[in-house]
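For reference, the structure discussed in these notes is given below.
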Amino acid sequence: MKLKYYIGKIVPIVIVIVSICIAIFPFIWMLFVSIVPDQVTAKFPPDISVKSISISNYIALFTDPDYAGVAVSIRNSLIVAVVSSTLVVFFGLLAAYGFYRFKFWGKNVFYTGILLGRMFPLVSLLVPLYLVLNQLNLINTLAAVIISHTVIFLPLMIWFMRGYMQSSVPGALLDAAKIDGCNDFVVLFRIVAPITIPGIIGLTMLLFIFSWGEYFFASAFVFGSDVMTMPVRLQTIMFSATKFSWSIVMAMGISGAIIPLILGIIFQKQLISGLTAGAGK
Amino acid sequence: MNLKLSTKNKIIGFAFILPGMLFLGSFFLYPVLRSFYTSFFTYKIGRPLVFNGITSYIEIFQNDRFWYSLYTTFKYAILSTVLEFVGAFIFALTFNNTRRVKYLRGLLIIPLVLPSPVMVGLWRYILQPDYGLLNNFLSFIGVMGKKITYLNSPSLALYSVIIVQTTWTVFIVMFLLLAGLKAIRHEFYEAAMIDGANTWNKFTNITLPLLKPTITFIVIFRMMDLLQAFTTIYLMIGGASGGSLKATDVLSILVYREAFTKFNFGAAAALSFVIYLFILIFVLIYMKASKTYEDEQLGL
């Protein structure tokens with residue numbers, strides 16, 4: 001009996017510790033690799049001496065001409081993530097409200113179409129979208145990346161926000177507002193949006209983080225060093241044949257992760273509610 | 001008057017969805033339809049379209065590589081989903097039922113916000129055969145005599161990718177399950193306790209059935225994502241330089257190679273629609289099989 005009691009106490013603690021190790025170990029190891037020379041982390045146990053710790057990898061990353069464009073790529077990722085998540089939120093809120101609030105011809109056709117369409121393999125969208133963007137002369141511009149990210153996430157935003165509105169906005173409140181003479185724009189932005197704001201912020205954060213780290217479309221649509229996004233530049237450093245260094249790769253990883261990391265820490269709660277909005281909770 | 005109002009309402013409703021629909025129409029539907037059209041042609045860049053009917057489709061089904069890749073794709077997607085799910089369930093139950101660990105949950109968000117190409121870079125270093133952390137560690141504790149290659153060996157590569165990827169996706173699933181667990185009312189457990197149910201009874205008779213909508217959602221979402229997975233596998237295995245290991249050739253990688261190394265856009269398009277068909281069949285069967293999922297939410 002006593003044994004059973006102790007097992008009941010210890011097992012959960014072990015599981016909690018294991019989960020936290022899985023979650024934070026990669027980040028800590030990455031941080032460590034980035035501040036010591038390559039030779040240190042290529043051995044086990046790593047021979048740490050205070051002397052070997054320095055931020056020289058970061059300095060090299062941002063000043064060495066071999067790694068030119070790293071800062072630019074981070075700026076580009078910021079632009080892409082901000083613009084595409086703004087577009088998704090704007091289009092997504094309007095459409096979700098339209099689907100939630102109105103009945104009109106073809107509504108279910110559109111809605112089902114969006115969902116089934118979203119299951120189309122994204123790798124297959126790459127080629128035809130490339131050809132369309134090429135006709136519009138948008139290839140190798142940030143606009144191409146922004147458009148692709150908006151396309152990928154807009155259907156999910158519509159789906160999640162509609163569910164969120166259905167579960168958290170009382171219909172009677174909207175009817176009352178309508179009777180008081182508010183038009184639908186006012187209703188959406190003054191009543192529905194404030195009620196669903198935790199979900200909106202959470203989803204926006206998810207969009208931002210997704211767009212920030214998206215590699216696939218970005219790698220096909222931009223190739224100039226002035227328009228590369230962070231993941232694309234990271235990949236070119238990771239697979240470069242000359243002057244390859246894991247410490248530099250990790251320093252780039254940390255530099256490229258810092259903005260989403262800070263946002264994630266600030267908006268923890270909303271992030272989780274955004275993630276779970278889709279599950280109808 | 002009434003009729004007029006409702007007509008006006010319909011127009012307003014349509015106006016709300018119009019901007020989004022126009023955007024998706026021009027950058028999603030139009031390219032996809034065009035791609036469907038080209039799948040019936042031999043289309044190489046810089047050359048005129050040559051109609052070949054359903055030849056591309058027939059060639060796909062006759063190709064052994066396709067069937068093996070289909071098998072690999074499902075193996076990858078199903079194993080990943082199962083591993084993620086089991087891990088996430090254990091974590092979620094523990095965090096839900098253990099007191100005083102709530103504030104630690106914040107730490108689990110870290111893997112969700114780190115960009116996956118960054119995580120892939122890190123794991124490539126850890127799994128590096130000659131001086132990577134994992135092999136160094138294994139030889140340090142004396143487990144291993146020779147160097148294991150994780151990412152370039154046909155027998156280990158796919159499993160390595162699955163395990164590595166799970167170290168961050170498990171937390172996405174965990175947070176979804178936690179939300180589901182929180183929504184279960186305490187009264188149910190209290191009533192069961194009065195009736196003398198043990199922990200296992202409570203789990204199988206209350207927790208699992210009430211979590212079913214959440215579980216269905218997770219399975220559909222993860223499978224939808226994993227069946228078309230590309231980036232993690234591609235960057236893990238070889239990136240720009242290689243990635244021609246048969247064992248890790250999921251369907252998206254076949255499409256990518258067809259389009260961007262062979263420049264066979266017609267064949268790539270045909271392959272895309274075959275994959276789409278398999279994904280749709282899977283999702284529809286799964287949704288029919290688990291009817292608890294509210295139809296309204298999916299609009300089907």
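Ordered as shown in the structure tokens, chains take letters A, B, and onward, while each chain numbers its residues from 1 and ligands are numbered from 1 in the order shown.
Residues of chain B lying within 6 Å of chain A, counting only C-alpha atoms, are Lys10, Gly13, Phe16, Ile17, Gly20, Pro31, Ser35, Thr94, Leu108, Pro111, Val113, Leu114, Pro115, Val118, Tyr131, Asn136, Phe137, Leu176, Thr214, Gln228, Ser252, Ser272, Tyr276 and Gly299 of chain B.
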Test item, alpha helix (DSSP H) assignment across region 182-245 of chain A, answer as a ChimeraX atom specification
/A:184-186,193-195,197-213,216-221,230-238
File of the preceding selection, N, CA and C atoms, as an mmCIF file, in the first residue's frame:
data_model
loop_
_atom_site.group_PDB
_atom_site.id
_atom_site.type_symbol
_atom_site.label_atom_id
_atom_site.label_comp_id
_atom_site.auth_asym_id
_atom_site.auth_seq_id
_atom_site.Cartn_x
_atom_site.Cartn_y
_atom_site.Cartn_z
ATOM 1 N N ASP A 184 -23.773 46.150 -39.631
ATOM 2 C CA ASP A 184 -23.014 44.934 -39.353
ATOM 3 C C ASP A 184 -21.532 45.183 -39.109
ATOM 4 N N PHE A 185 -20.998 46.215 -39.736
ATOM 5 C CA PHE A 185 -19.598 46.536 -39.470
ATOM 6 C C PHE A 185 -19.389 46.911 -38.013
ATOM 7 N N VAL A 186 -20.302 47.753 -37.524
ATOM 8 C CA VAL A 186 -20.224 48.166 -36.130
ATOM 9 C C VAL A 186 -20.375 46.954 -35.221
ATOM 10 N N ALA A 193 -15.829 41.362 -32.200
ATOM 11 C CA ALA A 193 -14.374 41.343 -32.056
ATOM 12 C C ALA A 193 -13.925 41.442 -30.591
ATOM 13 N N PRO A 194 -14.487 42.392 -29.804
ATOM 14 C CA PRO A 194 -14.054 42.452 -28.395
ATOM 15 C C PRO A 194 -14.324 41.158 -27.627
ATOM 16 N N ILE A 195 -15.461 40.500 -27.922
ATOM 17 C CA ILE A 195 -15.754 39.258 -27.188
ATOM 18 C C ILE A 195 -14.761 38.167 -27.560
ATOM 19 N N ILE A 197 -11.740 38.503 -28.657
ATOM 20 C CA ILE A 197 -10.364 38.989 -28.756
ATOM 21 C C ILE A 197 -9.294 37.993 -28.268
ATOM 22 N N PRO A 198 -9.559 37.179 -27.223
ATOM 23 C CA PRO A 198 -8.497 36.229 -26.846
ATOM 24 C C PRO A 198 -8.173 35.268 -27.989
ATOM 25 N N GLY A 199 -9.224 34.791 -28.650
ATOM 26 C CA GLY A 199 -9.017 33.894 -29.782
ATOM 27 C C GLY A 199 -8.322 34.590 -30.933
ATOM 28 N N ILE A 200 -8.725 35.842 -31.191
ATOM 29 C CA ILE A 200 -8.115 36.577 -32.303
ATOM 30 C C ILE A 200 -6.625 36.788 -32.047
ATOM 31 N N ILE A 201 -6.302 37.224 -30.834
ATOM 32 C CA ILE A 201 -4.879 37.439 -30.522
ATOM 33 C C ILE A 201 -4.113 36.131 -30.632
ATOM 34 N N GLY A 202 -4.696 35.071 -30.078
ATOM 35 C CA GLY A 202 -4.023 33.781 -30.111
ATOM 36 C C GLY A 202 -3.771 33.306 -31.528
ATOM 37 N N LEU A 203 -4.820 33.404 -32.364
ATOM 38 C CA LEU A 203 -4.647 32.956 -33.745
ATOM 39 C C LEU A 203 -3.646 33.838 -34.478
ATOM 40 N N THR A 204 -3.691 35.153 -34.195
ATOM 41 C CA THR A 204 -2.735 36.048 -34.840
ATOM 42 C C THR A 204 -1.306 35.662 -34.487
ATOM 43 N N MET A 205 -1.102 35.320 -33.214
ATOM 44 C CA MET A 205 0.239 34.893 -32.797
ATOM 45 C C MET A 205 0.654 33.627 -33.526
ATOM 46 N N LEU A 206 -0.293 32.678 -33.637
ATOM 47 C CA LEU A 206 0.026 31.438 -34.341
ATOM 48 C C LEU A 206 0.383 31.716 -35.791
ATOM 49 N N LEU A 207 -0.389 32.604 -36.431
ATOM 50 C CA LEU A 207 -0.122 32.960 -37.820
ATOM 51 C C LEU A 207 1.257 33.567 -37.941
ATOM 52 N N PHE A 208 1.533 34.467 -37.016
ATOM 53 C CA PHE A 208 2.819 35.167 -37.043
ATOM 54 C C PHE A 208 3.960 34.160 -36.926
ATOM 55 N N ILE A 209 3.836 33.270 -35.964
ATOM 56 C CA ILE A 209 4.907 32.296 -35.724
ATOM 57 C C ILE A 209 5.050 31.344 -36.906
ATOM 58 N N PHE A 210 3.903 30.929 -37.439
ATOM 59 C CA PHE A 210 3.947 30.042 -38.599
ATOM 60 C C PHE A 210 4.652 30.728 -39.768
ATOM 61 N N SER A 211 4.201 31.958 -40.048
ATOM 62 C CA SER A 211 4.728 32.674 -41.204
ATOM 63 C C SER A 211 6.218 32.953 -41.021
ATOM 64 N N TRP A 212 6.595 33.255 -39.808
ATOM 65 C CA TRP A 212 7.993 33.529 -39.488
ATOM 66 C C TRP A 212 8.882 32.334 -39.839
ATOM 67 N N GLY A 213 8.402 31.149 -39.563
ATOM 68 C CA GLY A 213 9.240 29.966 -39.738
ATOM 69 C C GLY A 213 8.971 29.201 -41.022
ATOM 70 N N PHE A 216 9.015 26.356 -46.898
ATOM 71 C CA PHE A 216 8.786 25.713 -48.175
ATOM 72 C C PHE A 216 8.465 26.702 -49.300
ATOM 73 N N PHE A 217 7.407 27.497 -49.120
ATOM 74 C CA PHE A 217 7.042 28.447 -50.165
ATOM 75 C C PHE A 217 8.103 29.535 -50.297
ATOM 76 N N ALA A 218 8.590 29.997 -49.149
ATOM 77 C CA ALA A 218 9.586 31.061 -49.189
ATOM 78 C C ALA A 218 10.807 30.625 -49.995
ATOM 79 N N SER A 219 11.222 29.359 -49.823
ATOM 80 C CA SER A 219 12.441 28.921 -50.503
ATOM 81 C C SER A 219 12.243 28.832 -52.016
ATOM 82 N N ALA A 220 10.990 28.620 -52.446
ATOM 83 C CA ALA A 220 10.764 28.532 -53.885
ATOM 84 C C ALA A 220 10.518 29.898 -54.517
ATOM 85 N N PHE A 221 9.970 30.825 -53.738
ATOM 86 C CA PHE A 221 9.533 32.092 -54.323
ATOM 87 C C PHE A 221 10.574 33.204 -54.239
ATOM 88 N N MET A 230 14.169 34.587 -43.112
ATOM 89 C CA MET A 230 15.091 33.963 -42.156
ATOM 90 C C MET A 230 15.300 32.465 -42.400
ATOM 91 N N PRO A 231 14.208 31.664 -42.538
ATOM 92 C CA PRO A 231 14.454 30.224 -42.727
ATOM 93 C C PRO A 231 15.248 29.909 -43.994
ATOM 94 N N VAL A 232 15.029 30.697 -45.031
ATOM 95 C CA VAL A 232 15.747 30.450 -46.289
ATOM 96 C C VAL A 232 17.233 30.759 -46.112
ATOM 97 N N ARG A 233 17.513 31.877 -45.458
ATOM 98 C CA ARG A 233 18.912 32.236 -45.214
ATOM 99 C C ARG A 233 19.572 31.208 -44.288
ATOM 100 N N LEU A 234 18.827 30.779 -43.300
ATOM 101 C CA LEU A 234 19.348 29.770 -42.375
ATOM 102 C C LEU A 234 19.735 28.508 -43.134
ATOM 103 N N GLN A 235 18.868 28.123 -44.061
ATOM 104 C CA GLN A 235 19.131 26.914 -44.827
ATOM 105 C C GLN A 235 20.384 27.086 -45.687
ATOM 106 N N THR A 236 20.561 28.271 -46.268
ATOM 107 C CA THR A 236 21.759 28.460 -47.093
ATOM 108 C C THR A 236 23.023 28.393 -46.240
ATOM 109 N N ILE A 237 22.913 28.839 -44.989
ATOM 110 C CA ILE A 237 24.091 28.734 -44.111
ATOM 111 C C ILE A 237 24.303 27.289 -43.684
ATOM 112 N N MET A 238 23.190 26.583 -43.430
ATOM 113 C CA MET A 238 23.284 25.206 -42.946
ATOM 114 C C MET A 238 23.877 24.286 -44.003
#
If we count only C-alpha atoms, what is near region 150-161 of chain B at a cut-off of 9 Å, once residues fewer than 4 positions away on the same chain are taken out, given as a PyMOL selection string?
chain B and resi 72+76+79+124+127-129+165-166+232-233+236-238+243+245-248
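Residues of region 8-255 of chain B carrying a DSSP assignment of strand (DSSP E), computed from the backbone, are B:Phe41, B:Thr42, B:Val50, B:Phe51.
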Contacts of region 190-206 of chain B at 12 Å (only C-alpha atoms; same-chain gap of 4+ positions) as a list in words:
Gly8 of chain A; Phe89, Leu93, Asn97, Leu181, Ile184, Arg185, His186, Leu210, Leu211 and Lys212 of chain B
Using only C-alpha atoms, which residues sit within 7 Å of region 57-72 of chain A once same-chain residues fewer than 2 positions away are excluded, as a list in words?
Ser34, Ile35, Ile55, Ile74, Arg75, Asn76, Ser225, Asp226, Arg233, Ser247, Ile248 and Ala251 of chain A
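Put simply, CA of Thr98 (chain B) is 28.0 Å away from CA of Phe221 (chain B).
The residue that comes closest to Arg65 (chain B), out of B:Met223, B:Leu254, B:Leu22, B:Leu29 and on the basis of only C-alpha atoms, is B:Leu254.
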